[in-house]
Amino acid sequence: MQIRICPEEFDPFHEIQAFQNTALDKAGKYGATSIFVGTMRDLNDDKDVEVMTLEHYEGMTEKQLGIFVSEAQQQWQILDALILHRVGKILPDQTIVLVVVWASHRGDAFDACRYIIEALKSKAPFWKKEKLTSKEERWVTKNTDGYLQKNN
Amino acid sequence: MQIRICPEEFDPFHEIQAFQNTALDKAGKYGATSIFVGTMRDLNDDKDVEVMTLEHYEGMTEKQLGIFVSEAQQQWQILDALILHRVGKILPDQTIVLVVVWASHRGDAFDACRYIIEALKSKAPFWKKEKLTSKEERWVTKNTDGYLQKNN
Amino acid sequence: MVQTIMSIKVRYFASLKETIGKSEDEVSGERTLSVSDVWRLANQSTELPENILAAVNMDYVGLDTNVNDGDEVAFFPPVTGG
Amino acid sequence: MVQTIMSIKVRYFASLKETIGKSEDEVSGERTLSVSDVWRLANQSTELPENILAAVNMDYVGLDTNVNDGDEVAFFPPVTGG
């Protein structure tokens with residue numbers, strides 16, 4: 001299991017490959033990998049965003065992410081998990097978050113991955129401040145509910 | 001949108017990167033990518049598997065996968081999709097299937113990706129024949145239900 | 001009354017192909033044929049095994065669906081991809 | 001009766017940090033303190049804004065949770081990561 005806070009840009013696919021090739025000692029054992037990549041959009045609440053700054057509560061972030069993985073392990077049969085999250089200045093099209101769950105079967109992989117990203121969105125201590133192309137700055141005040149996307 | 005049947009081994013992460021860098025003209029627009037990778041395990045129904053052969057109904061496969069993506073597009077707001085599926089001889093730890101869905105928001109990406117893999121598992125005309133390490137050959141007769149994994 | 005002669009291509013896959021020992025058939029008929037009729041014309045006394053799925057022109061159909069001249073009818077076991 | 005003097009580290013994040021113009025405080029008290037008490041000791045007449053979340057030693061807690069000597073108490077707005 002790996003949880004990492006990244007102050008620099010990272011390539012999610014390179015990271016998955018690197019983890020599979022080194023840390024993940026389960027070749028032939030996992031049949032299902034569910035991956036979520038969150039990417040910075042150049043638009044939020046109908047405003048053009050130029051750059052975003054991600055603040056976090058160092059220590060609590062890692063602790064909470066570890067708790068989410070433990071909770072997922074208690075609910076689903078999973079083999080391993082990888083979570084990377086950017087902090088600092090982020091530009092549109094850069095990766096913000098990567099969640100990967102390896103399991104024998106797809107139901108467990110999907111549900112655990114979804115659980116972890118929903119927990120992260122609602123409980124991991126990260127905060128986004130956007131700088132719009134109009135130069136206005138604003139704190140993002142609320143995450144959307146991933147389960148009720150269509151009703152928002 | 002790309003749907004491809006692959007007679008040769010492929011690297012799912014290389015394929016995603018290649019697609020994002022060329023065919024996917026939506027940088028800055030997608031905030032959520034949901035990815036499923038199905039990998040061959042060296043064990044199935046408690047037997048050690050040496051090699052698997054995947055047969056398919058050429059033409060119907062592509063047609064059905066296209067239908068699944070259309071159905072997903074009707075139900076969720078998705079920006080693009082990529083589906084790759086191996087056929088022929090497959091060894092443990094090789095990728096069998098890759099499903100990727102790009103969307104603005106994670107609810108749509110997750111649900112559409114899940115929808116497509118479930119539809120693929122239950123309706124795309126692929127058939128697996130396993131050769132066990134005991135040299136016995138057997139057709140896989142039934143896919144597990146991804147939604148009821150824990151009850152199987 | 002003019003009767004049209006229909007020509008139907010039949011295909012078999014996976015374990016079904018091995019069981020019946022062939023991958024293709026060509027059947028023809030002078031009257032309206034259902035998918036079940038196509039099976040019977042192609043396989044005489046061999047009953048259509050249980051759980052076998054059918055497609056016409058690469059879309060899933062029920063066994064009582066009628067076929068048209070030039071159609072491709074396929075029979076195969078439950079799918080196991082992914 | 002011997003009274004212990006407790007020392008509590010207080011931290012603020014994101015928009016709350018900007019609003020109150022500080023990122024850290026140190027408060028001390030001689031009696032049992034709840035998280036709300038810690039806020040009041042550190043911020044006097046400034047009311048704890050609505051929707052603010054609290055953590056003690058990096059775990060979420062309710063505002064009526066008691067703190068112990070050496071604890072780190074944090075206040076912050078709803079999170080927006082991912």
# chains A, B, ... in the order shown; residues from 1 in each chain; ligands from 1

call {"tool": "interface_residues", "arguments": {"of": "chain B", "to": "chain C", "cutoff": "7 Å", "atoms": "only C-alpha atoms", "output": "list in words"}}
result
Gly38, Glu55, Met60, Ile96, Val97, Leu120, Lys121, Ser122, Lys123, Ala124, Pro125, Phe126, Trp127, Lys128, Trp139, Val140, Thr141, Lys142 and Asn143 of chain B

call {"tool": "write_last_selection", "arguments": {"atoms": "all heavy atoms", "output": "compact mmCIF listing (two decimals), in the first residue's frame"}}
result
# COMPACT_ATOMS: atom_id res chain seq x y z
N GLY B 38 -8.79 -5.53 -16.58
CA GLY B 38 -8.98 -6.94 -16.24
C GLY B 38 -7.72 -7.70 -16.62
O GLY B 38 -7.23 -7.58 -17.74
N GLU B 55 -11.65 -16.80 -27.62
CA GLU B 55 -12.30 -16.80 -28.94
C GLU B 55 -13.33 -15.67 -28.95
O GLU B 55 -13.86 -15.30 -27.91
CB GLU B 55 -13.00 -18.15 -29.12
CG GLU B 55 -13.74 -18.31 -30.44
CD GLU B 55 -14.39 -19.70 -30.59
OE1 GLU B 55 -13.91 -20.68 -29.98
OE2 GLU B 55 -15.38 -19.78 -31.33
N MET B 60 -19.53 -9.05 -34.47
CA MET B 60 -20.55 -8.90 -33.42
C MET B 60 -19.92 -8.26 -32.18
O MET B 60 -20.54 -7.44 -31.51
CB MET B 60 -21.18 -10.24 -33.05
CG MET B 60 -22.24 -10.08 -31.96
SD MET B 60 -23.34 -11.52 -31.78
CE MET B 60 -24.32 -11.00 -30.33
N ILE B 96 -6.37 -8.58 -20.10
CA ILE B 96 -7.45 -9.12 -20.94
C ILE B 96 -8.30 -7.98 -21.49
O ILE B 96 -8.65 -7.96 -22.66
CB ILE B 96 -8.35 -10.08 -20.14
CG1 ILE B 96 -7.53 -11.24 -19.55
CG2 ILE B 96 -9.49 -10.59 -21.01
CD1 ILE B 96 -8.30 -12.10 -18.57
N VAL B 97 -8.66 -7.06 -20.62
CA VAL B 97 -9.58 -6.01 -21.05
C VAL B 97 -9.23 -4.67 -20.39
O VAL B 97 -8.75 -4.64 -19.25
CB VAL B 97 -11.05 -6.41 -20.73
CG1 VAL B 97 -11.28 -6.59 -19.24
CG2 VAL B 97 -12.05 -5.39 -21.27
N LEU B 120 -20.18 -5.75 -21.07
CA LEU B 120 -19.19 -6.55 -21.80
C LEU B 120 -19.14 -7.98 -21.24
O LEU B 120 -19.15 -8.96 -21.99
CB LEU B 120 -17.82 -5.87 -21.68
CG LEU B 120 -16.64 -6.45 -22.44
CD1 LEU B 120 -15.60 -5.35 -22.70
CD2 LEU B 120 -15.97 -7.62 -21.74
N LYS B 121 -19.09 -8.08 -19.92
CA LYS B 121 -19.01 -9.40 -19.27
C LYS B 121 -20.25 -10.26 -19.55
O LYS B 121 -20.16 -11.48 -19.62
CB LYS B 121 -18.88 -9.21 -17.76
CG LYS B 121 -17.48 -8.78 -17.32
CD LYS B 121 -16.64 -10.00 -17.07
CE LYS B 121 -15.43 -9.74 -16.24
NZ LYS B 121 -14.63 -10.96 -16.04
N SER B 122 -21.41 -9.62 -19.64
CA SER B 122 -22.62 -10.42 -19.79
C SER B 122 -23.08 -10.56 -21.23
O SER B 122 -23.82 -11.48 -21.56
CB SER B 122 -23.75 -9.84 -18.93
OG SER B 122 -24.13 -8.58 -19.41
N LYS B 123 -22.60 -9.67 -22.14
CA LYS B 123 -23.16 -9.72 -23.50
C LYS B 123 -22.17 -9.71 -24.66
O LYS B 123 -22.55 -10.02 -25.79
CB LYS B 123 -24.16 -8.57 -23.66
CG LYS B 123 -25.42 -8.74 -22.82
CD LYS B 123 -26.46 -7.66 -23.09
CE LYS B 123 -26.10 -6.34 -22.46
NZ LYS B 123 -27.14 -5.30 -22.61
N ALA B 124 -20.91 -9.32 -24.43
CA ALA B 124 -19.98 -9.31 -25.57
C ALA B 124 -19.56 -10.74 -25.90
O ALA B 124 -19.22 -11.51 -25.01
CB ALA B 124 -18.76 -8.46 -25.25
N PRO B 125 -19.60 -11.12 -27.18
CA PRO B 125 -19.36 -12.53 -27.55
C PRO B 125 -17.88 -12.94 -27.54
O PRO B 125 -17.24 -13.04 -28.58
CB PRO B 125 -19.97 -12.64 -28.95
CG PRO B 125 -19.91 -11.26 -29.51
CD PRO B 125 -20.03 -10.32 -28.33
N PHE B 126 -17.40 -13.13 -26.32
CA PHE B 126 -16.06 -13.67 -26.08
C PHE B 126 -16.23 -14.97 -25.30
O PHE B 126 -17.14 -15.08 -24.46
CB PHE B 126 -15.23 -12.73 -25.19
CG PHE B 126 -14.85 -11.41 -25.81
CD1 PHE B 126 -15.54 -10.26 -25.45
CD2 PHE B 126 -13.79 -11.31 -26.70
CE1 PHE B 126 -15.19 -9.03 -25.99
CE2 PHE B 126 -13.44 -10.08 -27.24
CZ PHE B 126 -14.13 -8.93 -26.88
N TRP B 127 -15.31 -15.92 -25.54
CA TRP B 127 -15.35 -17.18 -24.78
C TRP B 127 -13.94 -17.58 -24.39
O TRP B 127 -13.04 -17.59 -25.23
CB TRP B 127 -16.00 -18.29 -25.60
CG TRP B 127 -17.39 -17.95 -26.00
CD1 TRP B 127 -18.52 -18.13 -25.27
CD2 TRP B 127 -17.80 -17.33 -27.23
NE1 TRP B 127 -19.62 -17.67 -25.96
CE2 TRP B 127 -19.20 -17.17 -27.17
CE3 TRP B 127 -17.12 -16.89 -28.38
CZ2 TRP B 127 -19.93 -16.58 -28.20
CZ3 TRP B 127 -17.85 -16.31 -29.42
CH2 TRP B 127 -19.23 -16.17 -29.32
N LYS B 128 -13.79 -17.95 -23.14
CA LYS B 128 -12.48 -18.33 -22.61
C LYS B 128 -12.35 -19.84 -22.50
O LYS B 128 -13.22 -20.51 -21.94
CB LYS B 128 -12.32 -17.77 -21.19
CG LYS B 128 -12.10 -16.28 -21.12
CD LYS B 128 -12.08 -15.84 -19.65
CE LYS B 128 -11.94 -14.33 -19.56
NZ LYS B 128 -12.52 -13.79 -18.33
N TRP B 139 -13.57 -25.17 -20.99
CA TRP B 139 -14.22 -23.90 -21.30
C TRP B 139 -14.70 -23.27 -20.00
O TRP B 139 -15.25 -23.96 -19.14
CB TRP B 139 -15.42 -24.12 -22.23
CG TRP B 139 -15.01 -24.45 -23.63
CD1 TRP B 139 -14.91 -25.70 -24.18
CD2 TRP B 139 -14.64 -23.52 -24.65
NE1 TRP B 139 -14.49 -25.59 -25.49
CE2 TRP B 139 -14.32 -24.27 -25.81
CE3 TRP B 139 -14.55 -22.12 -24.72
CZ2 TRP B 139 -13.91 -23.67 -27.00
CZ3 TRP B 139 -14.15 -21.53 -25.91
CH2 TRP B 139 -13.82 -22.30 -27.04
N VAL B 140 -14.49 -21.99 -19.87
CA VAL B 140 -15.10 -21.27 -18.76
C VAL B 140 -16.58 -21.15 -19.12
O VAL B 140 -16.92 -20.75 -20.24
CB VAL B 140 -14.47 -19.88 -18.58
CG1 VAL B 140 -15.15 -19.10 -17.46
CG2 VAL B 140 -12.97 -20.02 -18.29
N THR B 141 -17.46 -21.55 -18.20
CA THR B 141 -18.87 -21.63 -18.60
C THR B 141 -19.71 -20.46 -18.14
O THR B 141 -20.85 -20.30 -18.56
CB THR B 141 -19.52 -22.91 -18.05
OG1 THR B 141 -19.30 -22.94 -16.63
CG2 THR B 141 -18.90 -24.15 -18.67
N LYS B 142 -19.14 -19.61 -17.28
CA LYS B 142 -20.00 -18.60 -16.66
C LYS B 142 -19.16 -17.47 -16.09
O LYS B 142 -18.15 -17.73 -15.43
CB LYS B 142 -20.77 -19.29 -15.51
CG LYS B 142 -21.86 -18.49 -14.87
CD LYS B 142 -22.63 -19.41 -13.91
CE LYS B 142 -23.47 -18.61 -12.95
NZ LYS B 142 -22.68 -17.80 -12.02
N ASN B 143 -19.55 -16.26 -16.35
CA ASN B 143 -18.89 -15.13 -15.71
C ASN B 143 -19.53 -14.85 -14.35
O ASN B 143 -20.73 -15.02 -14.18
CB ASN B 143 -19.03 -13.86 -16.58
CG ASN B 143 -17.83 -13.67 -17.48
OD1 ASN B 143 -16.73 -14.13 -17.18
ND2 ASN B 143 -18.03 -12.97 -18.58

call {"tool": "residues_around", "arguments": {"residues": "Gly31 (chain A)", "least_positions_apart": "3", "cutoff": "7 Å", "atoms": "only C-alpha atoms", "output": "short mmCIF file (atom, residue, chain, number, x, y, z; two decimals) with N, CA, C and O atoms, in the first residue's frame"}}
result
data_model
loop_
_atom_site.label_atom_id
_atom_site.label_comp_id
_atom_site.auth_asym_id
_atom_site.auth_seq_id
_atom_site.Cartn_x
_atom_site.Cartn_y
_atom_site.Cartn_z
N ALA A 103 -7.69 -6.04 -6.92
CA ALA A 103 -8.45 -7.10 -6.23
C ALA A 103 -8.51 -8.32 -7.14
O ALA A 103 -8.15 -8.25 -8.32
N SER A 104 -8.95 -9.43 -6.58
CA SER A 104 -9.14 -10.61 -7.42
C SER A 104 -10.30 -10.39 -8.39
O SER A 104 -10.23 -10.77 -9.55
N HIS A 105 -11.36 -9.76 -7.87
CA HIS A 105 -12.58 -9.64 -8.67
C HIS A 105 -13.04 -8.19 -8.79
O HIS A 105 -12.79 -7.36 -7.92
N GLY B 38 -8.79 -5.53 -16.58
CA GLY B 38 -8.98 -6.94 -16.24
C GLY B 38 -7.72 -7.70 -16.62
O GLY B 38 -7.23 -7.58 -17.74
N THR B 39 -7.19 -8.45 -15.67
CA THR B 39 -5.90 -9.11 -15.86
C THR B 39 -6.07 -10.61 -15.66
O THR B 39 -6.85 -11.04 -14.81
N MET B 40 -5.35 -11.40 -16.43
CA MET B 40 -5.47 -12.84 -16.27
C MET B 40 -4.83 -13.32 -14.97
O MET B 40 -3.67 -13.00 -14.70
N ARG B 41 -5.58 -14.06 -14.20
CA ARG B 41 -5.07 -14.64 -12.97
C ARG B 41 -4.52 -16.03 -13.24
O ARG B 41 -4.89 -16.68 -14.22
#

call {"tool": "atom_distance", "arguments": {"atom1": "CA of Gly28 (chain A)", "atom2": "CA of Gln77 (chain A)"}}
result
16.0 Å

call {"tool": "calpha_fit_and_write", "arguments": {"fixed": "chain C", "moving": "chain D", "output": "compact mmCIF listing (two decimals) with N, CA and C atoms, in the first residue's frame"}}
result
# COMPACT_ATOMS: atom_id res chain seq x y z
N MET D 1 -48.76 -18.65 -56.58
CA MET D 1 -48.05 -17.80 -55.62
C MET D 1 -46.55 -18.07 -55.71
N VAL D 2 -45.80 -16.97 -55.79
CA VAL D 2 -44.34 -17.12 -55.92
C VAL D 2 -43.72 -17.29 -54.54
N GLN D 3 -42.97 -18.33 -54.34
CA GLN D 3 -42.26 -18.55 -53.08
C GLN D 3 -40.82 -18.10 -53.24
N THR D 4 -40.35 -17.30 -52.29
CA THR D 4 -38.93 -16.91 -52.31
C THR D 4 -38.14 -18.01 -51.62
N ILE D 5 -36.99 -18.31 -52.16
CA ILE D 5 -36.09 -19.23 -51.47
C ILE D 5 -35.10 -18.41 -50.66
N MET D 6 -35.08 -18.68 -49.38
CA MET D 6 -34.19 -17.94 -48.50
C MET D 6 -32.91 -18.72 -48.28
N SER D 7 -31.82 -17.97 -48.23
CA SER D 7 -30.55 -18.60 -47.90
C SER D 7 -30.01 -17.96 -46.62
N ILE D 8 -29.70 -18.80 -45.65
CA ILE D 8 -29.28 -18.32 -44.32
C ILE D 8 -27.93 -18.90 -43.97
N LYS D 9 -27.04 -18.04 -43.54
CA LYS D 9 -25.74 -18.50 -43.07
C LYS D 9 -25.85 -18.77 -41.57
N VAL D 10 -25.30 -19.90 -41.13
CA VAL D 10 -25.37 -20.24 -39.70
C VAL D 10 -23.96 -20.37 -39.15
N ARG D 11 -23.75 -19.81 -37.96
CA ARG D 11 -22.41 -19.90 -37.36
C ARG D 11 -22.51 -20.40 -35.92
N TYR D 12 -21.47 -21.14 -35.50
CA TYR D 12 -21.41 -21.71 -34.16
C TYR D 12 -20.09 -21.31 -33.52
N PHE D 13 -20.12 -21.11 -32.22
CA PHE D 13 -18.89 -20.67 -31.55
C PHE D 13 -18.57 -21.47 -30.29
N ALA D 14 -17.31 -21.44 -29.95
CA ALA D 14 -16.80 -21.92 -28.66
C ALA D 14 -17.17 -23.38 -28.39
N SER D 15 -17.64 -23.69 -27.17
CA SER D 15 -17.90 -25.10 -26.83
C SER D 15 -18.98 -25.73 -27.72
N LEU D 16 -19.93 -24.92 -28.17
CA LEU D 16 -20.97 -25.46 -29.06
C LEU D 16 -20.36 -25.93 -30.38
N LYS D 17 -19.46 -25.13 -30.91
CA LYS D 17 -18.76 -25.49 -32.14
C LYS D 17 -18.03 -26.82 -31.97
N GLU D 18 -17.39 -27.02 -30.82
CA GLU D 18 -16.68 -28.28 -30.58
C GLU D 18 -17.66 -29.44 -30.42
N THR D 19 -18.75 -29.19 -29.69
CA THR D 19 -19.73 -30.26 -29.43
C THR D 19 -20.35 -30.78 -30.72
N ILE D 20 -20.75 -29.85 -31.61
CA ILE D 20 -21.43 -30.30 -32.82
C ILE D 20 -20.44 -30.51 -33.97
N GLY D 21 -19.18 -30.16 -33.74
CA GLY D 21 -18.13 -30.48 -34.70
C GLY D 21 -18.16 -29.68 -36.00
N LYS D 22 -18.71 -28.47 -35.96
CA LYS D 22 -18.69 -27.62 -37.16
C LYS D 22 -18.82 -26.16 -36.74
N SER D 23 -18.33 -25.28 -37.58
CA SER D 23 -18.37 -23.86 -37.23
C SER D 23 -19.36 -23.08 -38.09
N GLU D 24 -19.77 -23.67 -39.22
CA GLU D 24 -20.68 -22.96 -40.12
C GLU D 24 -21.63 -23.91 -40.83
N ASP D 25 -22.75 -23.37 -41.22
CA ASP D 25 -23.72 -24.09 -42.06
C ASP D 25 -24.35 -23.09 -43.00
N GLU D 26 -24.97 -23.62 -44.03
CA GLU D 26 -25.77 -22.79 -44.93
C GLU D 26 -27.11 -23.50 -45.02
N VAL D 27 -28.18 -22.85 -44.69
CA VAL D 27 -29.49 -23.51 -44.84
C VAL D 27 -30.37 -22.66 -45.75
N SER D 28 -31.33 -23.35 -46.39
CA SER D 28 -32.27 -22.59 -47.20
C SER D 28 -33.68 -23.11 -46.97
N GLY D 29 -34.63 -22.26 -47.20
CA GLY D 29 -36.02 -22.66 -46.96
C GLY D 29 -36.94 -21.82 -47.81
N GLU D 30 -38.16 -22.36 -48.02
CA GLU D 30 -39.10 -21.67 -48.89
C GLU D 30 -40.18 -20.92 -48.13
N ARG D 31 -40.20 -21.10 -46.80
CA ARG D 31 -41.26 -20.42 -46.04
C ARG D 31 -40.61 -19.56 -44.95
N THR D 32 -41.44 -18.92 -44.20
CA THR D 32 -40.96 -18.12 -43.08
C THR D 32 -40.24 -19.02 -42.10
N LEU D 33 -39.04 -18.63 -41.73
CA LEU D 33 -38.24 -19.44 -40.80
C LEU D 33 -37.95 -18.63 -39.54
N SER D 34 -38.08 -19.31 -38.40
CA SER D 34 -37.64 -18.70 -37.14
C SER D 34 -36.21 -19.17 -36.88
N VAL D 35 -35.59 -18.57 -35.87
CA VAL D 35 -34.24 -18.99 -35.49
C VAL D 35 -34.24 -20.47 -35.10
N SER D 36 -35.27 -20.91 -34.38
CA SER D 36 -35.39 -22.34 -34.03
C SER D 36 -35.46 -23.21 -35.27
N ASP D 37 -36.23 -22.77 -36.26
CA ASP D 37 -36.32 -23.53 -37.52
C ASP D 37 -34.95 -23.66 -38.17
N VAL D 38 -34.20 -22.59 -38.13
CA VAL D 38 -32.87 -22.60 -38.72
C VAL D 38 -32.01 -23.66 -38.04
N TRP D 39 -32.06 -23.68 -36.70
CA TRP D 39 -31.30 -24.71 -35.97
C TRP D 39 -31.71 -26.11 -36.43
N ARG D 40 -33.04 -26.37 -36.50
CA ARG D 40 -33.53 -27.70 -36.87
C ARG D 40 -33.14 -28.08 -38.28
N LEU D 41 -33.21 -27.13 -39.19
CA LEU D 41 -32.79 -27.41 -40.57
C LEU D 41 -31.32 -27.78 -40.63
N ALA D 42 -30.53 -27.12 -39.82
CA ALA D 42 -29.08 -27.33 -39.89
C ALA D 42 -28.63 -28.54 -39.08
N ASN D 43 -29.38 -28.86 -38.02
CA ASN D 43 -28.88 -29.89 -37.10
C ASN D 43 -29.83 -31.07 -36.89
N GLN D 44 -30.85 -31.16 -37.75
CA GLN D 44 -31.78 -32.29 -37.70
C GLN D 44 -32.19 -32.69 -36.28
N SER D 45 -31.82 -33.93 -35.91
CA SER D 45 -32.32 -34.48 -34.65
C SER D 45 -31.57 -33.96 -33.42
N THR D 46 -30.46 -33.28 -33.64
CA THR D 46 -29.73 -32.75 -32.48
C THR D 46 -30.50 -31.57 -31.89
N GLU D 47 -30.94 -31.76 -30.62
CA GLU D 47 -31.68 -30.68 -29.96
C GLU D 47 -30.77 -29.48 -29.71
N LEU D 48 -31.34 -28.30 -29.77
CA LEU D 48 -30.59 -27.10 -29.39
C LEU D 48 -30.29 -27.19 -27.89
N PRO D 49 -29.00 -27.22 -27.52
CA PRO D 49 -28.69 -27.37 -26.09
C PRO D 49 -29.25 -26.21 -25.26
N GLU D 50 -29.54 -26.48 -24.03
CA GLU D 50 -30.03 -25.45 -23.11
C GLU D 50 -29.01 -24.33 -22.96
N ASN D 51 -29.48 -23.15 -22.67
CA ASN D 51 -28.61 -22.00 -22.38
C ASN D 51 -27.92 -21.40 -23.60
N ILE D 52 -28.14 -22.00 -24.75
CA ILE D 52 -27.48 -21.46 -25.94
C ILE D 52 -28.15 -20.14 -26.34
N LEU D 53 -27.32 -19.18 -26.68
CA LEU D 53 -27.81 -17.86 -27.09
C LEU D 53 -27.83 -17.78 -28.61
N ALA D 54 -28.66 -16.89 -29.13
CA ALA D 54 -28.75 -16.74 -30.58
C ALA D 54 -28.65 -15.27 -30.98
N ALA D 55 -28.05 -15.05 -32.14
CA ALA D 55 -27.97 -13.70 -32.69
C ALA D 55 -28.35 -13.75 -34.16
N VAL D 56 -29.00 -12.70 -34.64
CA VAL D 56 -29.24 -12.54 -36.07
C VAL D 56 -28.56 -11.25 -36.50
N ASN D 57 -27.70 -11.37 -37.48
CA ASN D 57 -26.92 -10.21 -37.95
C ASN D 57 -26.24 -9.48 -36.80
N MET D 58 -25.72 -10.31 -35.87
CA MET D 58 -24.87 -9.79 -34.78
C MET D 58 -25.63 -9.02 -33.71
N ASP D 59 -26.96 -9.20 -33.67
CA ASP D 59 -27.76 -8.69 -32.56
C ASP D 59 -28.43 -9.87 -31.87
N TYR D 60 -28.51 -9.80 -30.54
CA TYR D 60 -29.18 -10.87 -29.80
C TYR D 60 -30.65 -10.93 -30.18
N VAL D 61 -31.17 -12.14 -30.29
CA VAL D 61 -32.60 -12.32 -30.59
C VAL D 61 -33.12 -13.52 -29.80
N GLY D 62 -34.44 -13.58 -29.67
CA GLY D 62 -35.09 -14.76 -29.12
C GLY D 62 -35.20 -15.84 -30.20
N LEU D 63 -35.42 -17.08 -29.77
CA LEU D 63 -35.44 -18.21 -30.71
C LEU D 63 -36.63 -18.18 -31.66
N ASP D 64 -37.68 -17.43 -31.30
CA ASP D 64 -38.86 -17.39 -32.17
C ASP D 64 -38.81 -16.23 -33.18
N THR D 65 -37.70 -15.52 -33.18
CA THR D 65 -37.54 -14.42 -34.15
C THR D 65 -37.48 -14.98 -35.57
N ASN D 66 -38.16 -14.32 -36.49
CA ASN D 66 -38.08 -14.74 -37.89
C ASN D 66 -36.84 -14.18 -38.56
N VAL D 67 -36.32 -14.95 -39.50
CA VAL D 67 -35.12 -14.51 -40.22
C VAL D 67 -35.49 -14.15 -41.66
N ASN D 68 -34.61 -13.39 -42.28
CA ASN D 68 -34.81 -12.97 -43.67
C ASN D 68 -33.68 -13.51 -44.55
N ASP D 69 -33.97 -13.53 -45.81
CA ASP D 69 -32.98 -14.01 -46.78
C ASP D 69 -31.67 -13.26 -46.61
N GLY D 70 -30.58 -14.01 -46.56
CA GLY D 70 -29.26 -13.39 -46.44
C GLY D 70 -28.79 -13.13 -45.01
N ASP D 71 -29.68 -13.41 -44.06
CA ASP D 71 -29.30 -13.17 -42.66
C ASP D 71 -28.19 -14.12 -42.22
N GLU D 72 -27.44 -13.66 -41.23
CA GLU D 72 -26.46 -14.52 -40.57
C GLU D 72 -27.00 -14.84 -39.18
N VAL D 73 -27.21 -16.13 -38.93
CA VAL D 73 -27.71 -16.58 -37.63
C VAL D 73 -26.56 -17.23 -36.88
N ALA D 74 -26.40 -16.86 -35.61
CA ALA D 74 -25.31 -17.46 -34.82
C ALA D 74 -25.85 -18.08 -33.55
N PHE D 75 -25.24 -19.21 -33.16
CA PHE D 75 -25.58 -19.89 -31.91
C PHE D 75 -24.30 -20.01 -31.08
N PHE D 76 -24.40 -19.70 -29.80
CA PHE D 76 -23.21 -19.81 -28.95
C PHE D 76 -23.57 -19.92 -27.47
N PRO D 77 -22.64 -20.45 -26.67
CA PRO D 77 -22.88 -20.58 -25.23
C PRO D 77 -22.77 -19.23 -24.53
N PRO D 78 -23.15 -19.16 -23.25
CA PRO D 78 -23.00 -17.93 -22.48
C PRO D 78 -21.60 -17.37 -22.63
N VAL D 79 -21.49 -16.06 -22.72
CA VAL D 79 -20.20 -15.42 -23.00
C VAL D 79 -19.37 -15.31 -21.72
N THR D 80 -18.05 -15.31 -21.90
CA THR D 80 -17.16 -15.29 -20.74
C THR D 80 -15.95 -14.37 -20.97
N GLY D 81 -16.20 -13.22 -21.58
CA GLY D 81 -15.10 -12.29 -21.83
C GLY D 81 -14.81 -11.40 -20.64
N GLY D 82 -13.89 -10.47 -20.84
CA GLY D 82 -13.57 -9.47 -19.82
C GLY D 82 -12.60 -9.97 -18.78

call {"tool": "residues_around", "arguments": {"residues": "region 1-10 of chain B", "least_positions_apart": "4", "cutoff": "10 Å", "atoms": "only C-alpha atoms", "output": "PyMOL selection string"}}
result
chain B and resi 14-15+19+23-24+54+56+58+61-63+65-66+69+79-91+94-101

call {"tool": "interface_residues", "arguments": {"of": "chain A", "to": "chain B", "cutoff": "7 Å", "atoms": "only C-alpha atoms", "output": "list of chain:residue names"}}
result
A:Phe13, A:Ala27, A:Gly28, A:Lys29, A:Tyr30, A:Gly31, A:Ala32, A:Thr33, A:Ser34, A:Ile35, A:Phe36, A:Val37, A:Gly38, A:Thr39, A:Met40, A:Arg41, A:Asp42, A:Pro92, A:Asp93, A:Arg106, A:Gly107, A:Gly146, A:Tyr147, A:Gln149

call {"tool": "select_by_dssp", "arguments": {"residues": "region 12-79 of chain C", "states": "strand (DSSP E)", "output": "list in words"}}
result
Tyr12, Glu24, Asp25, Glu26, Val27, Ser28, Gly29, Leu33, Ser34, Leu53, Ala54, Ala55, Val56, Asp59, Tyr60, Val61, Asn66, Val67, Glu72, Val73, Ala74, Phe75 and Phe76 of chain C

call {"tool": "select_by_dssp", "arguments": {"residues": "region 26-128 of chain B", "states": "helix (DSSP H, G or I)", "output": "PyMOL selection string"}}
result
chain B and resi 60-75+106-123
